[in-house]
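**Q** Contents of structure_39.pdb (PDB, C-alpha atoms (C1' of nucleotides)) are below:
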MODEL        1
ATOM      1  CA  MET T   7      15.599   7.002  -2.561
ATOM      2  CA  ILE T   8      13.611   3.898  -1.710
ATOM      3  CA  SER T   9      10.131   3.655  -3.225
ATOM      4  CA  LYS T  10       7.010   4.268  -1.206
ATOM      5  CA  ASN T  11       5.863   0.666  -1.345
ATOM      6  CA  LEU T  12       9.151  -0.713  -0.168
ATOM      7  CA  THR T  13       9.321   1.827   2.601
ATOM      8  CA  ALA T  14       5.812   0.893   3.729
ATOM      9  CA  ALA T  15       6.635  -2.802   3.649
ATOM     10  CA  SER T  16       9.791  -2.438   5.707
ATOM     11  CA  THR T  17       8.780   0.168   8.277
ATOM     12  CA  LYS T  18       7.377  -2.225  10.824
ATOM     13  CA  PRO T  19      10.245  -4.727  10.914
ATOM     14  CA  ILE T  20      12.815  -1.949  10.887
ATOM     15  CA  ILE T  21      11.307  -0.197  13.886
ATOM     16  CA  LEU T  22      10.789  -3.431  15.787
ATOM     17  CA  GLY T  23      14.341  -4.498  14.969
ATOM     18  CA  ILE T  24      15.807  -1.232  16.176
ATOM     19  CA  LEU T  25      13.841  -1.415  19.407
ATOM     20  CA  LYS T  26      14.956  -4.976  19.949
ATOM     21  CA  GLN T  27      18.509  -3.666  20.055
ATOM     22  CA  GLY T  28      17.487  -1.372  22.875
ATOM     23  CA  ASN T  29      14.903   1.222  23.838
ATOM     24  CA  SER T  30      14.764   4.395  21.822
ATOM     25  CA  TYR T  31      12.580   7.382  20.990
ATOM     26  CA  GLY T  32      11.112   8.792  17.795
ATOM     27  CA  TYR T  33      13.642  11.403  16.891
ATOM     28  CA  LEU T  34      16.523   9.001  17.440
ATOM     29  CA  ILE T  35      14.845   6.187  15.491
ATOM     30  CA  ILE T  36      14.623   8.461  12.460
ATOM     31  CA  LYS T  37      18.348   9.148  12.652
ATOM     32  CA  LYS T  38      19.129   5.493  13.216
ATOM     33  CA  ILE T  39      17.248   4.410  10.093
ATOM     34  CA  LYS T  40      19.032   7.031   8.032
ATOM     35  CA  GLU T  41      22.340   5.838   9.405
ATOM     36  CA  LEU T  42      21.619   2.109   8.946
ATOM     37  CA  SER T  43      20.620   2.641   5.330
ATOM     38  CA  GLY T  44      23.505   4.877   4.460
ATOM     39  CA  GLY T  45      21.108   7.752   3.835
ATOM     40  CA  LYS T  46      18.927   5.806   1.432
ATOM     41  CA  MET T  47      15.917   5.665   3.712
ATOM     42  CA  GLU T  48      14.811   8.866   5.336
ATOM     43  CA  TYR T  49      11.651   9.249   7.381
ATOM     44  CA  SER T  50      10.089  12.583   8.122
ATOM     45  CA  ASP T  51       8.757  12.996  11.630
ATOM     46  CA  GLY T  52       5.215  13.212  10.272
ATOM     47  CA  MET T  53       5.727   9.790   8.773
ATOM     48  CA  LEU T  54       7.301   8.041  11.731
ATOM     49  CA  TYR T  55       5.364   9.225  14.758
ATOM     50  CA  PRO T  56       1.954   8.015  13.545
ATOM     51  CA  VAL T  57       3.502   4.610  12.879
ATOM     52  CA  LEU T  58       4.818   4.469  16.436
ATOM     53  CA  HIS T  59       1.343   5.303  17.725
ATOM     54  CA  ARG T  60      -0.143   2.567  15.595
ATOM     55  CA  LEU T  61       2.389  -0.033  16.718
ATOM     56  CA  GLU T  62       1.701   0.901  20.313
ATOM     57  CA  LYS T  63      -2.045   0.553  19.800
ATOM     58  CA  GLU T  64      -1.370  -2.884  18.314
ATOM     59  CA  GLY T  65       0.540  -3.797  21.452
ATOM     60  CA  LEU T  66       3.860  -4.391  19.679
ATOM     61  CA  ILE T  67       5.668  -1.623  21.529
ATOM     62  CA  LYS T  68       5.014   0.406  24.647
ATOM     63  CA  SER T  69       6.118   3.838  25.711
ATOM     64  CA  ASN T  70       6.952   5.908  28.719
ATOM     65  CA  TRP T  71       8.005   9.490  29.075
ATOM     66  CA  THR T  72      11.436   9.912  30.543
ATOM     67  CA  MET T  73      13.538  12.772  31.759
ATOM     68  CA  ASP T  74      17.039  11.951  30.654
ATOM     69  CA  GLY T  75      18.915  13.855  33.330
ATOM     70  CA  GLY T  76      17.539  17.357  33.168
ATOM     71  CA  THR T  77      16.983  17.564  29.425
ATOM     72  CA  ARG T  78      13.585  17.797  27.771
ATOM     73  CA  PRO T  79      11.134  14.901  28.155
ATOM     74  CA  ARG T  80      11.439  12.076  25.675
ATOM     75  CA  LYS T  81       8.991   9.322  24.900
ATOM     76  CA  TYR T  82      10.970   6.119  25.034
ATOM     77  CA  TYR T  83       9.652   3.054  23.265
ATOM     78  CA  GLU T  84      10.276  -0.546  24.214
ATOM     79  CA  ILE T  85       9.442  -3.670  22.236
ATOM     80  CA  THR T  86       6.909  -6.015  23.873
ATOM     81  CA  GLU T  87       6.888  -9.803  23.819
ATOM     82  CA  GLN T  88       4.130  -9.591  21.241
ATOM     83  CA  GLY T  89       6.357  -7.279  19.223
ATOM     84  CA  LYS T  90       9.179  -9.800  19.280
ATOM     85  CA  THR T  91       6.843 -12.496  18.030
ATOM     86  CA  GLU T  92       5.610 -10.188  15.287
ATOM     87  CA  LEU T  93       9.194  -9.486  14.229
ATOM     88  CA  VAL T  94       9.734 -13.196  13.668
ATOM     89  CA  THR T  95       6.572 -13.380  11.558
ATOM     90  CA  GLU T  96       7.739 -10.409   9.513
ATOM     91  CA  LYS T  97      11.094 -12.056   9.004
ATOM     92  CA  VAL T  98       9.556 -15.268   7.698
ATOM     93  CA  GLN T  99       7.299 -13.418   5.290
ATOM     94  CA  TRP T 100      10.040 -11.156   4.051
ATOM     95  CA  GLN T 101      12.278 -14.105   3.368
ATOM     96  CA  GLN T 102       9.542 -15.945   1.512
ATOM     97  CA  VAL T 103       9.057 -13.010  -0.833
ATOM     98  CA  ASN T 104      12.792 -12.555  -1.066
ATOM     99  CA  ALA T 105      13.117 -16.167  -2.190
ATOM    100  CA  VAL T 106      10.594 -15.637  -4.979
ATOM    101  CA  LEU T 107      12.359 -12.496  -6.137
ATOM    102  CA  ASN T 108      15.741 -14.183  -6.072
ATOM    103  CA  THR T 109      14.491 -16.693  -8.609
ATOM    104  CA  LEU T 110      13.396 -13.823 -10.839
ATOM    105  CA  TRP T 111      16.046 -11.122 -10.694
ATOM    106  CA  ASP T 112      18.500 -12.790 -12.948
ATOM    107  CA  VAL T 113      16.414 -14.982 -15.197
ATOM    108  CA  LYS T 114      17.521 -15.235 -18.744
ATOM    109  CA  PRO T 115      14.685 -14.871 -21.209
ATOM    110  CA  SER T 116      13.582 -18.277 -22.427
ATOM    111  CA  THR T 117      14.296 -18.980 -26.089
ATOM    112  CA  THR T 118      10.977 -17.796 -27.448
TER     113      THR T 118
ATOM    114  CA  MET V  28      -0.397 -15.514   3.661
ATOM    115  CA  ILE V  29       1.889 -12.619   2.818
ATOM    116  CA  SER V  30       0.909  -9.225   4.249
ATOM    117  CA  LYS V  31      -0.667  -6.538   2.131
ATOM    118  CA  ASN V  32       2.325  -4.224   2.324
ATOM    119  CA  LEU V  33       4.783  -6.873   1.264
ATOM    120  CA  THR V  34       2.519  -7.938  -1.555
ATOM    121  CA  ALA V  35       2.250  -4.349  -2.741
ATOM    122  CA  ALA V  36       6.002  -3.859  -2.589
ATOM    123  CA  SER V  37       6.770  -6.984  -4.574
ATOM    124  CA  THR V  38       4.048  -6.956  -7.221
ATOM    125  CA  LYS V  39       5.912  -4.861  -9.753
ATOM    126  CA  PRO V  40       9.221  -6.742  -9.720
ATOM    127  CA  ILE V  41       7.469 -10.099  -9.683
ATOM    128  CA  ILE V  42       5.387  -9.314 -12.756
ATOM    129  CA  LEU V  43       8.324  -7.785 -14.594
ATOM    130  CA  GLY V  44      10.491 -10.749 -13.672
ATOM    131  CA  ILE V  45       7.942 -13.258 -14.895
ATOM    132  CA  LEU V  46       7.548 -11.412 -18.175
ATOM    133  CA  LYS V  47      11.288 -11.272 -18.597
ATOM    134  CA  GLN V  48      11.244 -15.070 -18.639
ATOM    135  CA  GLY V  49       8.826 -14.940 -21.537
ATOM    136  CA  ASN V  50       5.546 -13.393 -22.640
ATOM    137  CA  SER V  51       2.455 -14.284 -20.684
ATOM    138  CA  TYR V  52      -1.120 -13.213 -19.965
ATOM    139  CA  GLY V  53      -3.039 -12.224 -16.864
ATOM    140  CA  TYR V  54      -4.647 -15.466 -15.921
ATOM    141  CA  LEU V  55      -1.406 -17.368 -16.332
ATOM    142  CA  ILE V  56       0.614 -14.811 -14.388
ATOM    143  CA  ILE V  57      -1.691 -15.297 -11.411
ATOM    144  CA  LYS V  58      -1.089 -19.040 -11.487
ATOM    145  CA  LYS V  59       2.623 -18.573 -11.948
ATOM    146  CA  ILE V  60       2.913 -16.371  -8.883
ATOM    147  CA  LYS V  61       0.986 -18.877  -6.815
ATOM    148  CA  GLU V  62       3.256 -21.622  -8.042
ATOM    149  CA  LEU V  63       6.520 -19.698  -7.535
ATOM    150  CA  SER V  64       5.569 -18.832  -3.968
ATOM    151  CA  GLY V  65       4.382 -22.295  -3.067
ATOM    152  CA  GLY V  66       0.851 -20.974  -2.587
ATOM    153  CA  LYS V  67       1.873 -18.217  -0.189
ATOM    154  CA  MET V  68       1.090 -15.392  -2.576
ATOM    155  CA  GLU V  69      -2.246 -15.434  -4.294
ATOM    156  CA  TYR V  70      -3.611 -12.629  -6.437
ATOM    157  CA  SER V  71      -7.257 -12.276  -7.315
ATOM    158  CA  ASP V  72      -7.942 -11.287 -10.909
ATOM    159  CA  GLY V  73      -9.440  -8.027  -9.721
ATOM    160  CA  MET V  74      -6.121  -7.275  -8.093
ATOM    161  CA  LEU V  75      -3.825  -8.221 -10.921
ATOM    162  CA  TYR V  76      -5.479  -6.835 -14.026
ATOM    163  CA  PRO V  77      -5.496  -3.208 -12.877
ATOM    164  CA  VAL V  78      -1.795  -3.543 -12.083
ATOM    165  CA  LEU V  79      -1.103  -4.807 -15.602
ATOM    166  CA  HIS V  80      -3.008  -1.839 -17.007
ATOM    167  CA  ARG V  81      -0.989   0.512 -14.859
ATOM    168  CA  LEU V  82       2.334  -1.022 -15.843
ATOM    169  CA  GLU V  83       1.338  -0.758 -19.484
ATOM    170  CA  LYS V  84       0.401   2.886 -19.068
ATOM    171  CA  GLU V  85       3.814   3.444 -17.490
ATOM    172  CA  GLY V  86       5.424   1.880 -20.550
ATOM    173  CA  LEU V  87       7.036  -1.011 -18.670
ATOM    174  CA  ILE V  88       5.085  -3.682 -20.516
ATOM    175  CA  LYS V  89       3.057  -3.829 -23.696
ATOM    176  CA  SER V  90       0.205  -6.038 -24.805
ATOM    177  CA  ASN V  91      -1.374  -7.574 -27.833
ATOM    178  CA  TRP V  92      -4.409  -9.769 -28.237
ATOM    179  CA  THR V  93      -3.627 -13.189 -29.615
ATOM    180  CA  MET V  94      -5.608 -16.142 -30.831
ATOM    181  CA  ASP V  95      -3.694 -19.146 -29.573
ATOM    182  CA  GLY V  96      -4.752 -21.638 -32.185
ATOM    183  CA  GLY V  97      -8.521 -21.485 -32.146
ATOM    184  CA  THR V  98      -8.981 -20.921 -28.455
ATOM    185  CA  ARG V  99     -10.408 -17.773 -26.908
ATOM    186  CA  PRO V 100      -8.500 -14.498 -27.311
ATOM    187  CA  ARG V 101      -5.811 -13.789 -24.776
ATOM    188  CA  LYS V 102      -4.050 -10.559 -24.015
ATOM    189  CA  TYR V 103      -0.359 -11.348 -24.027
ATOM    190  CA  TYR V 104       2.044  -9.043 -22.242
ATOM    191  CA  GLU V 105       5.667  -8.441 -23.093
ATOM    192  CA  ILE V 106       8.302  -6.575 -21.084
ATOM    193  CA  THR V 107       9.710  -3.442 -22.732
ATOM    194  CA  GLU V 108      13.264  -2.145 -22.608
ATOM    195  CA  GLN V 109      12.072   0.422 -20.110
ATOM    196  CA  GLY V 110      10.582  -2.403 -18.088
ATOM    197  CA  LYS V 111      13.893  -4.206 -17.985
ATOM    198  CA  THR V 112      15.606  -1.076 -16.753
ATOM    199  CA  GLU V 113      12.943  -0.647 -14.099
ATOM    200  CA  LEU V 114      13.456  -4.223 -12.961
ATOM    201  CA  VAL V 115      17.109  -3.462 -12.295
ATOM    202  CA  THR V 116      16.156  -0.395 -10.275
ATOM    203  CA  GLU V 117      13.691  -2.457  -8.264
ATOM    204  CA  LYS V 118      16.356  -5.046  -7.623
ATOM    205  CA  VAL V 119      18.833  -2.496  -6.312
ATOM    206  CA  GLN V 120      16.271  -0.955  -3.998
ATOM    207  CA  TRP V 121      15.039  -4.274  -2.717
ATOM    208  CA  GLN V 122      18.547  -5.373  -1.924
ATOM    209  CA  GLN V 123      19.306  -2.144  -0.125
ATOM    210  CA  VAL V 124      16.321  -2.621   2.144
ATOM    211  CA  ASN V 125      17.148  -6.288   2.484
ATOM    212  CA  ALA V 126      20.629  -5.355   3.669
ATOM    213  CA  VAL V 127      19.201  -3.114   6.388
ATOM    214  CA  LEU V 128      16.810  -5.825   7.537
ATOM    215  CA  ASN V 129      19.543  -8.427   7.589
ATOM    216  CA  THR V 130      21.422  -6.366  10.145
ATOM    217  CA  LEU V 131      18.299  -6.249  12.292
ATOM    218  CA  TRP V 132      16.633  -9.666  12.178
ATOM    219  CA  ASP V 133      18.972 -11.363  14.542
ATOM    220  CA  VAL V 134      20.269  -8.626  16.766
ATOM    221  CA  LYS V 135      20.771  -9.504  20.357
ATOM    222  CA  PRO V 136      19.363  -6.943  22.754
ATOM    223  CA  SER V 137      22.129  -4.740  24.099
ATOM    224  CA  THR V 138      22.774  -5.135  27.807
ATOM    225  CA  THR V 139      20.255  -2.581  29.050
TER     226      THR V 139
ATOM    227  C1'  DC W  13      18.862  36.963  21.111
ATOM    228  C1'  DG W  14      18.148  34.862  16.766
ATOM    229  C1'  DT W  15      18.692  30.571  14.435
ATOM    230  C1'  DT W  16      19.019  25.802  14.230
ATOM    231  C1'  DA W  17      18.410  21.313  16.232
ATOM    232  C1'  DT W  18      15.774  18.580  19.115
ATOM    233  C1'  DA W  19      11.227  16.404  20.167
ATOM    234  C1'  DC W  20       6.457  15.205  19.711
ATOM    235  C1'  DT W  21       1.494  15.673  17.773
ATOM    236  C1'  DT W  22      -2.434  15.798  14.638
ATOM    237  C1'  DT W  23      -5.317  16.565  10.661
ATOM    238  C1'  DG W  24      -7.405  16.153   6.252
ATOM    239  C1'  DG W  25      -6.654  16.156   1.271
ATOM    240  C1'  DA W  26      -4.760  12.810  -1.853
ATOM    241  C1'  DA W  27      -3.607   8.621  -3.514
ATOM    242  C1'  DT W  28      -4.156   3.805  -3.626
ATOM    243  C1'  DT W  29      -6.338  -0.350  -3.451
ATOM    244  C1'  DC W  30      -9.122  -4.231  -4.068
ATOM    245  C1'  DT W  31     -13.843  -6.094  -3.382
ATOM    246  C1'  DA W  32     -17.598  -6.859  -5.818
ATOM    247  C1'  DT W  33     -19.793  -7.275  -9.987
ATOM    248  C1'  DG W  34     -20.194  -8.006 -14.893
ATOM    249  C1'  DT W  35     -19.280 -10.326 -19.413
ATOM    250  C1'  DA W  36     -18.267 -14.344 -22.078
ATOM    251  C1'  DT W  37     -16.381 -18.878 -23.784
ATOM    252  C1'  DA W  38     -14.496 -23.652 -23.075
ATOM    253  C1'  DT W  39     -14.566 -27.915 -20.901
ATOM    254  C1'  DA W  40     -15.552 -31.740 -17.867
ATOM    255  C1'  DG W  41     -18.751 -34.657 -16.069
ATOM    256  C1'  DA W  42     -23.274 -36.279 -14.833
TER     257       DA W  42
ATOM    258  C1'  DT U  28     -27.689 -32.315 -23.176
ATOM    259  C1'  DC U  29     -27.263 -29.612 -19.378
ATOM    260  C1'  DT U  30     -24.785 -27.795 -15.508
ATOM    261  C1'  DA U  31     -20.923 -26.552 -12.987
ATOM    262  C1'  DT U  32     -16.466 -25.157 -13.103
ATOM    263  C1'  DA U  33     -12.405 -23.182 -15.168
ATOM    264  C1'  DT U  34     -10.677 -19.903 -18.158
ATOM    265  C1'  DA U  35     -10.129 -14.927 -19.381
ATOM    266  C1'  DC U  36     -10.629 -10.074 -19.037
ATOM    267  C1'  DA U  37     -12.604  -5.504 -17.320
ATOM    268  C1'  DT U  38     -13.947  -1.674 -14.120
ATOM    269  C1'  DA U  39     -16.554   1.270 -10.675
ATOM    270  C1'  DG U  40     -16.271   3.140  -6.413
ATOM    271  C1'  DA U  41     -16.224   2.062  -1.390
ATOM    272  C1'  DA U  42     -12.778   1.676   1.820
ATOM    273  C1'  DT U  43      -8.452   2.293   3.401
ATOM    274  C1'  DT U  44      -4.099   4.272   3.897
ATOM    275  C1'  DC U  45      -0.847   7.808   3.928
ATOM    276  C1'  DC U  46       2.069  11.579   4.685
ATOM    277  C1'  DA U  47       2.883  16.627   3.908
ATOM    278  C1'  DA U  48       2.037  20.392   6.354
ATOM    279  C1'  DA U  49       1.255  23.052  10.237
ATOM    280  C1'  DG U  50       1.537  23.513  15.190
ATOM    281  C1'  DT U  51       3.866  23.537  19.882
ATOM    282  C1'  DA U  52       7.841  23.935  22.678
ATOM    283  C1'  DT U  53      12.627  23.668  24.599
ATOM    284  C1'  DA U  54      17.804  23.369  24.181
ATOM    285  C1'  DA U  55      22.011  24.746  22.289
ATOM    286  C1'  DC U  56      25.027  27.572  19.842
ATOM    287  C1'  DG U  57      27.192  31.599  18.026
TER     288       DG U  57
ENDMDL
END
Represent the supplied structure as structure tokens.

**A**
Amino acid sequence: MISKNLTAASTKPIILGILKQGNSYGYLIIKKIKELSGGKMEYSDGMLYPVLHRLEKEGLIKSNWTMDGGTRPRKYYEITEQGKTELVTEKVQWQQVNAVLNTLWDVKPSTT
Amino acid sequence: MISKNLTAASTKPIILGILKQGNSYGYLIIKKIKELSGGKMEYSDGMLYPVLHRLEKEGLIKSNWTMDGGTRPRKYYEITEQGKTELVTEKVQWQQVNAVLNTLWDVKPSTT
DNA sequence: CGTTATACTTTGGAATTCTATGTATATAGA
DNA sequence: TCTATATACATAGAATTCCAAAGTATAACG
């Protein structure tokens, strides 16, 4: 299982990325993340929903309740323009840190 | 500047990676991180030292005070075997998350 | 009709974090 | 010589963040 810190650091870009592929709702996003990660990342509903609320308050996504043909109501989320911009920022930052780590993963100890 | 979450997620592997290159001490580690990241990651001393203490308590690093030829005492840290193992674990996890993100960064929106 | 899956919400105890503050020595420069 | 800055480490506790747990409700399946 992925550590708490890494999960926290990746939650925002993962959700924004999924919503950029197309609108979705909480329950489905949880399943999608599990699927994308091959089961290695698994969000509980109590973890994901508050994040969605926060992202909406930040203006990165927006929601509307929908009746998908006679079934129960679902709250569909859509990424906003601001959200798309934020995703780019997240990408840049992630890649900067990734670059630092790539120089460190496989270092040989210096001859001390 | 790198976001708080990303900083938190990368602190442990970065410190372990730096110490794998060779022993070092707090003040120098801070400078090293700044240098490696081209100034994009900057730790305050109040941020770094508690992390070093925590990693030592976890057994991933160990310390000893040294007098570097007449200068003031410095607390040198060294990575332990356990620390090296942990670094591998961190690497695997990071790369798993990185793989998920790589599938998402550049997705084209589906024709909705 | 009972059980499981779907679907969303909220709260508050728990854990984490880092800002601010404190101590002390070495060095550069005025 | 004196002052300012850089070096070097430590820690309390205010502030923030987090997520496990509990709650509500409907659909689907056997």

**Q** What is the distance between CA of Lys81 (chain T) and C1' of DT23 (chain W), in Å to one decimal?

**A**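 So the two atoms, CA of Lys81 (chain T) and C1' of DT23 (chain W), lie 21.4 Å apart.
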
**Q** Kindly determine which residues of chain T lie within 8 Å of chain W, considering all atoms listed in the file, and give the answer as a VMD selection string.

**A** chain T and resid 32 to 33 55 80

**Q** For the residues in that selection, give me C-alpha atoms as a PDB file, keeping the file's coordinate frame.

**A**
ATOM      1  CA  GLY T  32      11.112   8.792  17.795  1.00  0.00           C
ATOM      2  CA  TYR T  33      13.642  11.403  16.891  1.00  0.00           C
ATOM      3  CA  TYR T  55       5.364   9.225  14.758  1.00  0.00           C
ATOM      4  CA  ARG T  80      11.439  12.076  25.675  1.00  0.00           C
TER       5      ARG T  80
END

**Q** Determine the nearest neighbour of Lys47 (chain V) from the options V:Thr98, V:Ser30, V:Thr107, V:Ser71, counting all atoms listed in the file.

**A**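 Checking each candidate against Lys47 (chain V), we get V:Thr107 as the closest.
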
**Q** Residues of chain U no more than 8 Å from chain T, counting only C-alpha atoms (C1' of nucleotides): send them over as a ChimeraX atom specification.

**A** /U:46-47,53-54

**Q** Evaluated on this file, the PyMOL selection byres ((chain T) within 7 of (chain V)) picks out some residues - which ones are they, written as a ChimeraX atom specification?

**A** /T:8,11-12,14-15,20,23-24,26-28,42-43,97,99,106-107,110-111,113-116,118

**Q** Once the PyMOL selection byres ((chain V and resi 103) around 6) has been applied to the shown file, what residues remain in the selection, as a PyMOL selection string?

**A** chain V and resi 51-52+90-91+102+104

**Q** Go ahead and compute the interatomic distance for CA of Lys90 (chain T) and CA of Glu48 (chain T), in Å to one decimal.

**A**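 Computed distance, CA of Lys90 (chain T) to CA of Glu48 (chain T), equals 24.0 Å.
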
**Q** How many Å lie between CA of Lys58 (chain V) and C1' of DA35 (chain U), rounded to one decimal?

**A**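 That distance, rounded to one decimal, is 12.7 Å.
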
**Q** Anything within 6 Å of (7.0, -1.4, 21.3): list those residues as an MDAnalysis selection string, counting all atoms listed in the file and sticking to the file's coordinates.

**A** chainID T and resid 62 66:68 83:86

**Q** Go ahead and dump the residues you just picked, C-alpha atoms, as an mmCIF file, keeping the file's coordinate frame.

**A**
data_model
loop_
_atom_site.group_PDB
_atom_site.id
_atom_site.type_symbol
_atom_site.label_atom_id
_atom_site.label_comp_id
_atom_site.auth_asym_id
_atom_site.auth_seq_id
_atom_site.Cartn_x
_atom_site.Cartn_y
_atom_site.Cartn_z
ATOM 1 C CA GLU T 62 1.701 0.901 20.313
ATOM 2 C CA LEU T 66 3.860 -4.391 19.679
ATOM 3 C CA ILE T 67 5.668 -1.623 21.529
ATOM 4 C CA LYS T 68 5.014 0.406 24.647
ATOM 5 C CA TYR T 83 9.652 3.054 23.265
ATOM 6 C CA GLU T 84 10.276 -0.546 24.214
ATOM 7 C CA ILE T 85 9.442 -3.670 22.236
ATOM 8 C CA THR T 86 6.909 -6.015 23.873
#
